[in-house]
Amino acid sequence: MMLLPKDPFNVIIGGVGGQGNVLASRILGEMLVAKGYVITIGETYGASQRGGSVMSHLRISEREPFSPLIPEGRADLLIALEPVEGLRILGPYGNPKIMTLLNTRPIHPIDVISGNATYPEASRVIAKIQELSRRVWTLNATEIALEMGDPIFANIVMLGALSAINVAPIDRQVFESVIRDLFPSRTMDENRRAFERGGEVVEEFHPVR
Amino acid sequence: MNISQNTPGKVALLMGNEAIARGALEAGVKVCAAYPGNPSSEIIGTLAGVAEELGLHVEWSINEKVALEVAAAASLSGLRGLCAMKQNGLNVASDFLLNLNLTGCRGGLVVVVADDPGGISSSNEEDSRLFAKLGDLPLLEPANFREAKEMTREAFNLSERLNLPVLIRSVTRVSHARGNVTFDELPQSSPKPGFDLSRPSLAFPPMPNHKALHEKFERAKKIFEESPFNFYRGPEKPDLMVITSGSGYMYSLEAVSNLKVEERVGILKLGTTWPLPEEFVLRHLRRSENFLFIEEVDPFLENNVKELFAQNCSDLGVKRFSGKASHTVPDVGELNPEIVTSALQTLLRVDYMPRPEEYRRRADEAIAEQVPPRAHSFCAGCPHRATYWAVKTALALDARDGFVLGDIGCYSLGMGPSGFFQMKTLHAMGSGTGLACGFGQLERFGLEQPVVAVCGDSTFYHAAMPALANAYYNGANFLLLLLDNSATAMTGFQPHPGTGSTATGGMAPIIDLKAICEVLGARVEVVDPFDIEEAVETILRLIRMERGVHPVRNSSETLNHAEEQGGIISNGVKVLILRRECALVSGKHQRKLFRIEVDQGRCLGEACGCNRLCTRIFKCPGLVWDQSTGKARIDEAICNGCGVCAGICPATAIRKEAVSGGDVVS
């Protein structure tokens with residue numbers, strides 16, 4: 001078992017209802033349980049799923065369960081499935097040491113669609129997230145998923161990216177064993193490909209100075 | 001995770017609700033029933049998935065009262081029964097429950113109520129623990145997923161020891177939290193059911209039954225004195241003692257650890273919260289002079305412990321209690337680690353800085369500057385958006401200030417921007433139709449506005465059928481829009497009596513919505529909400545229809561009866577069924593119907609004069625406004641291909657092209 005950088009190691013997966021946020025947290029949790037960790041996941045359900053902001057909190061420990069909500073300012077890793085949702089989460093949970101893995105593809109809220117609010121330039125959001133994080137990795141997971149034929153694969157692409165950046169104790173073998181348990185076998189090839197593609201395209205973001 | 005495995009010692013990642021289901025299996029439950037409602041739905045959903053394999057009866061009942069009656073029947077026959085519901089559901093089931101407490105039960109009967117503090121997916125945030133007090137029923141509150149499983153298993157034993165139904169009160173952050181849970185053994189045998197004719201289950205006469213209930217209640221108190229679910233963790237004589245239950249325990253541990261006050265603060269964690277284990281609590285009250293109550297939502301422990309203190313104060317001396325009454329913690333909403341941390345900081349006068357102040361300021365500024373709000377909305381391709389668009393258009397054309405009465409389901413979003421603010425009332429299941437029965441009588445006093453109610457298919461079976469019968473019987477005048485999306489969509493697409501399948505996936509007879517409404521005396525029409533033009537015309541025609549003798553669809557006897565009364569059965573209830581499958585359900589077995597594209601040559605942008613009807617007004621998340629081109633475009637990651645927007649663009653710039661082979665995919 002890989003030693004955790006701290007105990008509990010706190011991960012937030014955030015995005016928009018319908019992006020497969022909850023499933024991503026479940027798969028990540030299953031991978032970590034298979035690796036022998038004690039996991040606590042707090043999830044947002046119900047009305048929040050219908051196009052609103054969605055967030056899952058994962059507490060990874062070698063010892064015991066924790067509160068399903070991470071305390072203020074105590075997230076260690078943020079996996080943001082959407083840019084402004086990532087920034088929104090840094091408000092209550094970020095700190096100077098946080099690491100952020102970001103899907104750069106925006107999803108416009110209906111207030112933006114209707115013209116009551118504006119969606120900032122993606123580059124500005126990423127720059128702000130960079131300012132508020134110790135390290136940032138980016139990829140357009142939605143684009144890869146669309147190339148594969150279904151946007152729903154974006155969360156698996158993100159998990160592949162997470163595995164590649166080496167900040168959480170997961171790997172491809174444990175991913176495949178969890179996927180085998182959770183999904184019908186005919187989806188295995190696509191899931192495996194999405195996972196691999198995420199690892200291939202993710203890169204560390206460095207601000208232009 | 002397969003919760004049916006008989007593999008003691010195996011560790012699984014279970015959601016609190018799955019852990020409750022596993023606990024019930026470990027207790028040998030045979031009959032499980034519920035009506036879906038967040039945050040409780042996965043309990044029965046999980047059990048339904050293993051019902052066939054383990055030989056259980058698991059059903060989605062028509063409402064919570066029937067669900068409890070089904071589970072109670074198992075108990076009265078000597079089997080173990082489980083009933084699950086959300087807090088609002090207990091209101092529905094309470095009429096039966098508050099008689100069942102008088103008769104008692106036989107096989108273990110456990111009622112799980114998952115409360116929703118903060119109302120994350122509910123219309124209210126009521127604290128269902130008060131029902132335990134009202135009904136003199138034993139109450140258990142798990143603090144996390146592990147305890148959820150253990151308590152559920154033990155609740156069945158307790159129920160059989162006391163011959164009483166036992167309440168388990170969960171909350172969102174227990175039911176919907178996931179974590180490592182260790183399996184215990186599944187029992188291999190089960191009693192044969194039988195109703196003992198010498199032991200009828202009669203609530204009447206109430207007084208002797210009430211007396212017997214109080215005796216059971218006293219026994220429960222004694223049993224709880226020894227319960228492993230109650231414990232104290234902390235120094236021998238703490239400066240401050242937190243008294244907590246449920247999710248509050250995990251938050252309290254976290255807050256004490258963050259503030260590093262383990263030497264000063266003790267935590268008294270109660271799992272059996274009604275009746276209170278009085279001797280146990282009194283013993284711990286002697287440890288300290290200062291107490292803080294941490295619980296969701298009402299001051300239930302707080303008031304009960306204070307009452308216990310009042311009876312014993314001559315012996316205990318002066319104590320200071322903080323909690324909701326002292327405004328040390330908020331008296332509404334969910335708890336979280338911050339609320340507990342801040343209460344402890346106030347009482348102990350300690351500093352706590354979770355991160356640099358300057359970081360928080362910069363983050364808050366960035367969010368204020370850049371992050372737009374994200375309101376809930378109907379999914380792309382949701383039939384409800386089309387329905388509310390049609391209602392909005394029809395009521396505007398009618399121009400008499402008609403209004404829509406609503407209730408509980410995905411279509412509750414009709415109160416917000418996504419439903420064009422059309423829904424004007426929101427209370428309980430079926431209340432839109434019930435309120436319409438009243439509004440529909442007010443013409444005689446001069447009400448001139450058309451009355452429209454909305455109700456989903458599952459909600460109709462649950463609570464609106466009696467209201468519709470009432471409407472016809474008492475001659476109310478209104479239009480009921482029955483939003484038939486063939487699922488209990490809000491809670492996870494559970495089947496219901498109109499869908500043709502059961503909780504366990506078996507075939508079921510379909511109770512036809514249209515036929516029921518006709519039998520209940522309404523004039524019924526059916527449209528596809530995606531056919532906006534027809535939907536608007538039909539709504540307009542139905543709300544303008546004169547109240548009259550139509551339709552007498554019953555037997556000739558009714559007609560004769562009507563003639564005797566002078567030929568008048570004055571009725572005005574009309575039902576329009578808007579039938580179109582939930583987009584998330586159809587997405588599972590169908591490809592997109594259409595490929596949608598905005599013709600960039602035809603879209604005139606702001607210059608069109610349509611006031612950006614497609615985006616500013618219609619607001620489907622799949623159709624966005626491109627700031628750079630000043631025109632609309634499709635977001636292909638979101639668009640569901642329903643094609644409704646193509647009928648809305650006045651410049652016919654939105655094109656829909658039928659996707660070949662767009663039918664059922666195996």
# chains A, B, ... in the order shown; residues from 1 in each chain; ligands from 1

$ closest_atom_pairs --of "chain A" --to "chain B" --cutoff "8 Å" --atoms "only C-alpha atoms" --output "JSON lines"
{"residue": "A:Gly29", "atom": "CA", "partner": "B:Leu13", "partner_atom": "CA", "distance": 7.4}
{"residue": "A:Glu30", "atom": "CA", "partner": "B:Leu13", "partner_atom": "CA", "distance": 6.4}
{"residue": "A:Val33", "atom": "CA", "partner": "B:Leu13", "partner_atom": "CA", "distance": 6.9}
{"residue": "A:Val38", "atom": "CA", "partner": "B:Asn180", "partner_atom": "CA", "distance": 6.0}
{"residue": "A:Ile39", "atom": "CA", "partner": "B:Gly179", "partner_atom": "CA", "distance": 5.1}
{"residue": "A:Thr40", "atom": "CA", "partner": "B:Gly179", "partner_atom": "CA", "distance": 4.5}
{"residue": "A:Ile41", "atom": "CA", "partner": "B:Arg178", "partner_atom": "CA", "distance": 4.8}
{"residue": "A:Gly42", "atom": "CA", "partner": "B:Ala177", "partner_atom": "CA", "distance": 4.5}
{"residue": "A:Glu43", "atom": "CA", "partner": "B:His176", "partner_atom": "CA", "distance": 6.2}
{"residue": "A:Thr44", "atom": "CA", "partner": "B:His176", "partner_atom": "CA", "distance": 7.7}
{"residue": "A:Tyr45", "atom": "CA", "partner": "B:Ser121", "partner_atom": "CA", "distance": 7.5}
{"residue": "A:Gly46", "atom": "CA", "partner": "B:Ser121", "partner_atom": "CA", "distance": 5.0}
{"residue": "A:Ala47", "atom": "CA", "partner": "B:Ser121", "partner_atom": "CA", "distance": 4.9}
{"residue": "A:Ser48", "atom": "CA", "partner": "B:His376", "partner_atom": "CA", "distance": 6.7}
{"residue": "A:Gln49", "atom": "CA", "partner": "B:His376", "partner_atom": "CA", "distance": 7.9}
{"residue": "A:Arg50", "atom": "CA", "partner": "B:His376", "partner_atom": "CA", "distance": 5.5}
{"residue": "A:Gly51", "atom": "CA", "partner": "B:His376", "partner_atom": "CA", "distance": 5.0}
{"residue": "A:Gly52", "atom": "CA", "partner": "B:His376", "partner_atom": "CA", "distance": 4.5}
{"residue": "A:Ser53", "atom": "CA", "partner": "B:Arg374", "partner_atom": "CA", "distance": 6.5}
{"residue": "A:Pro65", "atom": "CA", "partner": "B:Gly179", "partner_atom": "CA", "distance": 7.2}
{"residue": "A:Phe66", "atom": "CA", "partner": "B:Met250", "partner_atom": "CA", "distance": 6.4}
{"residue": "A:Ser67", "atom": "CA", "partner": "B:Met250", "partner_atom": "CA", "distance": 4.8}
{"residue": "A:Pro68", "atom": "CA", "partner": "B:Ala177", "partner_atom": "CA", "distance": 6.1}
{"residue": "A:Leu69", "atom": "CA", "partner": "B:Asn336", "partner_atom": "CA", "distance": 6.8}
{"residue": "A:Ile70", "atom": "CA", "partner": "B:Pro337", "partner_atom": "CA", "distance": 7.5}
{"residue": "A:Pro71", "atom": "CA", "partner": "B:Pro337", "partner_atom": "CA", "distance": 5.5}
{"residue": "A:Glu72", "atom": "CA", "partner": "B:Glu338", "partner_atom": "CA", "distance": 6.7}
{"residue": "A:Gly73", "atom": "CA", "partner": "B:Pro354", "partner_atom": "CA", "distance": 5.8}
{"residue": "A:Arg74", "atom": "CA", "partner": "B:Pro354", "partner_atom": "CA", "distance": 7.2}
{"residue": "A:Val84", "atom": "CA", "partner": "B:Val371", "partner_atom": "CA", "distance": 5.7}
{"residue": "A:Glu85", "atom": "CA", "partner": "B:Val371", "partner_atom": "CA", "distance": 7.9}
{"residue": "A:Leu87", "atom": "CA", "partner": "B:Ile367", "partner_atom": "CA", "distance": 6.7}
{"residue": "A:Arg88", "atom": "CA", "partner": "B:Ile367", "partner_atom": "CA", "distance": 6.1}
{"residue": "A:Leu90", "atom": "CA", "partner": "B:Ala363", "partner_atom": "CA", "distance": 6.6}
{"residue": "A:Gly91", "atom": "CA", "partner": "B:Ala363", "partner_atom": "CA", "distance": 5.0}
{"residue": "A:Pro92", "atom": "CA", "partner": "B:Arg360", "partner_atom": "CA", "distance": 7.7}
{"residue": "A:Gly94", "atom": "CA", "partner": "B:Arg360", "partner_atom": "CA", "distance": 7.9}
{"residue": "A:Asn95", "atom": "CA", "partner": "B:Arg355", "partner_atom": "CA", "distance": 6.1}
{"residue": "A:Pro96", "atom": "CA", "partner": "B:Tyr359", "partner_atom": "CA", "distance": 7.0}
{"residue": "A:His108", "atom": "CA", "partner": "B:Pro621", "partner_atom": "CA", "distance": 7.0}
{"residue": "A:Pro109", "atom": "CA", "partner": "B:Arg374", "partner_atom": "CA", "distance": 5.1}
{"residue": "A:Ile110", "atom": "CA", "partner": "B:Lys619", "partner_atom": "CA", "distance": 5.9}
{"residue": "A:Asp111", "atom": "CA", "partner": "B:Arg374", "partner_atom": "CA", "distance": 6.9}
{"residue": "A:Val112", "atom": "CA", "partner": "B:Pro372", "partner_atom": "CA", "distance": 7.3}
{"residue": "A:Ile113", "atom": "CA", "partner": "B:Val624", "partner_atom": "CA", "distance": 5.3}
{"residue": "A:Ser114", "atom": "CA", "partner": "B:Arg616", "partner_atom": "CA", "distance": 3.6}
{"residue": "A:Gly115", "atom": "CA", "partner": "B:Arg616", "partner_atom": "CA", "distance": 6.2}
{"residue": "A:Ala117", "atom": "CA", "partner": "B:Pro372", "partner_atom": "CA", "distance": 6.0}
{"residue": "A:Thr118", "atom": "CA", "partner": "B:Pro372", "partner_atom": "CA", "distance": 6.5}
{"residue": "A:Tyr119", "atom": "CA", "partner": "B:Pro372", "partner_atom": "CA", "distance": 6.4}
{"residue": "A:Pro120", "atom": "CA", "partner": "B:Gln370", "partner_atom": "CA", "distance": 5.8}
{"residue": "A:Val125", "atom": "CA", "partner": "B:Gln370", "partner_atom": "CA", "distance": 7.3}
{"residue": "A:Lys128", "atom": "CA", "partner": "B:Ala366", "partner_atom": "CA", "distance": 7.0}
{"residue": "A:Leu132", "atom": "CA", "partner": "B:Ala363", "partner_atom": "CA", "distance": 7.0}
{"residue": "A:Thr142", "atom": "CA", "partner": "B:Ala637", "partner_atom": "CA", "distance": 7.4}
{"residue": "A:Leu146", "atom": "CA", "partner": "B:Ala637", "partner_atom": "CA", "distance": 7.0}
{"residue": "A:Asp150", "atom": "CA", "partner": "B:Ala637", "partner_atom": "CA", "distance": 7.9}
{"residue": "A:Pro151", "atom": "CA", "partner": "B:Ala637", "partner_atom": "CA", "distance": 5.6}
{"residue": "A:Asp181", "atom": "CA", "partner": "B:Met1", "partner_atom": "CA", "distance": 7.7}
{"residue": "A:Leu182", "atom": "CA", "partner": "B:Met1", "partner_atom": "CA", "distance": 7.4}

$ residues_around --residues "Ala127 (chain A)" --least-positions-apart "3" --cutoff "12 Å" --atoms "only C-alpha atoms" --output "VMD selection string"
(chain A and resid 83 to 84 86 to 87 100 102 104 120 to 124 130 to 133 135 to 138 205 to 209) or (chain B and resid 366 370)

$ atom_distance --atom1 "CA of Ile152 (chain A)" --atom2 "CA of Glu581 (chain B)"
20.6 Å

$ residues_around --residues "Ala93 (chain B)" --least-positions-apart "2" --cutoff "12 Å" --atoms "only C-alpha atoms" --output "ChimeraX atom specification"
/B:34-35,61-72,83-91,95-100,111-113,128,131,462

$ write_last_selection --atoms "C-alpha atoms" --output "CSV table (one decimal), in the first residue's frame"
chain,number,residue,atom,x,y,z
B,34,ALA,CA,-41.4,1.4,0.0
B,35,TYR,CA,-42.4,4.3,-2.2
B,61,SER,CA,-45.8,0.2,-3.2
B,62,ILE,CA,-48.2,2.8,-4.4
B,63,ASN,CA,-47.5,5.0,-1.4
B,64,GLU,CA,-45.8,4.8,2.0
B,65,LYS,CA,-48.9,4.0,4.0
B,66,VAL,CA,-49.5,0.9,1.8
B,67,ALA,CA,-45.8,0.1,1.9
B,68,LEU,CA,-45.9,0.0,5.7
B,69,GLU,CA,-49.1,-2.1,5.7
B,70,VAL,CA,-47.4,-4.6,3.4
B,71,ALA,CA,-44.4,-4.9,5.6
B,72,ALA,CA,-46.6,-5.1,8.8
B,83,CYS,CA,-40.4,-0.5,5.2
B,84,ALA,CA,-38.3,2.5,4.0
B,85,MET,CA,-39.3,6.1,3.2
B,86,LYS,CA,-38.2,9.7,3.3
B,87,GLN,CA,-39.4,12.1,5.9
B,88,ASN,CA,-42.5,13.2,4.0
B,89,GLY,CA,-43.4,9.6,3.5
B,90,LEU,CA,-43.7,9.0,7.3
B,91,ASN,CA,-46.5,11.7,7.3
B,95,ASP,CA,-52.0,7.1,10.2
B,96,PHE,CA,-51.3,3.4,10.1
B,97,LEU,CA,-48.2,3.6,12.3
B,98,LEU,CA,-49.9,5.4,15.1
B,99,ASN,CA,-52.4,2.5,15.3
B,100,LEU,CA,-49.9,-0.2,14.8
B,111,VAL,CA,-39.3,1.3,9.6
B,112,VAL,CA,-36.4,3.2,8.1
B,113,VAL,CA,-36.9,6.9,7.6
B,128,SER,CA,-39.1,12.6,11.8
B,131,PHE,CA,-42.9,10.6,15.4
B,462,HIS,CA,-49.5,7.9,-5.0

$ select_by_dssp --residues "region 2-201 of chain A" --states "helix (DSSP H, G or I)" --output "ChimeraX atom specification"
/A:21-34,46-49,83-93,110-113,122-131,141-148,151-165,172-182,185-201

$ residues_around --residues "Lys221 (chain B)" --least-positions-apart "6" --cutoff "7 Å" --atoms "only C-alpha atoms" --output "compact mmCIF listing (two decimals) with N, CA and C atoms, in the first residue's frame"
# COMPACT_ATOMS: atom_id res chain seq x y z
N PRO B 275 -36.76 5.66 23.55
CA PRO B 275 -36.62 6.49 24.75
C PRO B 275 -35.14 6.65 25.12
N LEU B 276 -34.84 7.73 25.82
CA LEU B 276 -33.46 7.96 26.25
C LEU B 276 -33.05 6.89 27.27
N PRO B 277 -31.82 6.40 27.20
CA PRO B 277 -31.30 5.54 28.26
C PRO B 277 -30.97 6.46 29.45

$ residues_around --residues "Arg180 (chain A)" --least-positions-apart "2" --cutoff "12 Å" --atoms "only C-alpha atoms" --output "PyMOL selection string"
(chain A and resi 27+30-31+173-178+182-189+191-192) or (chain B and resi 1)
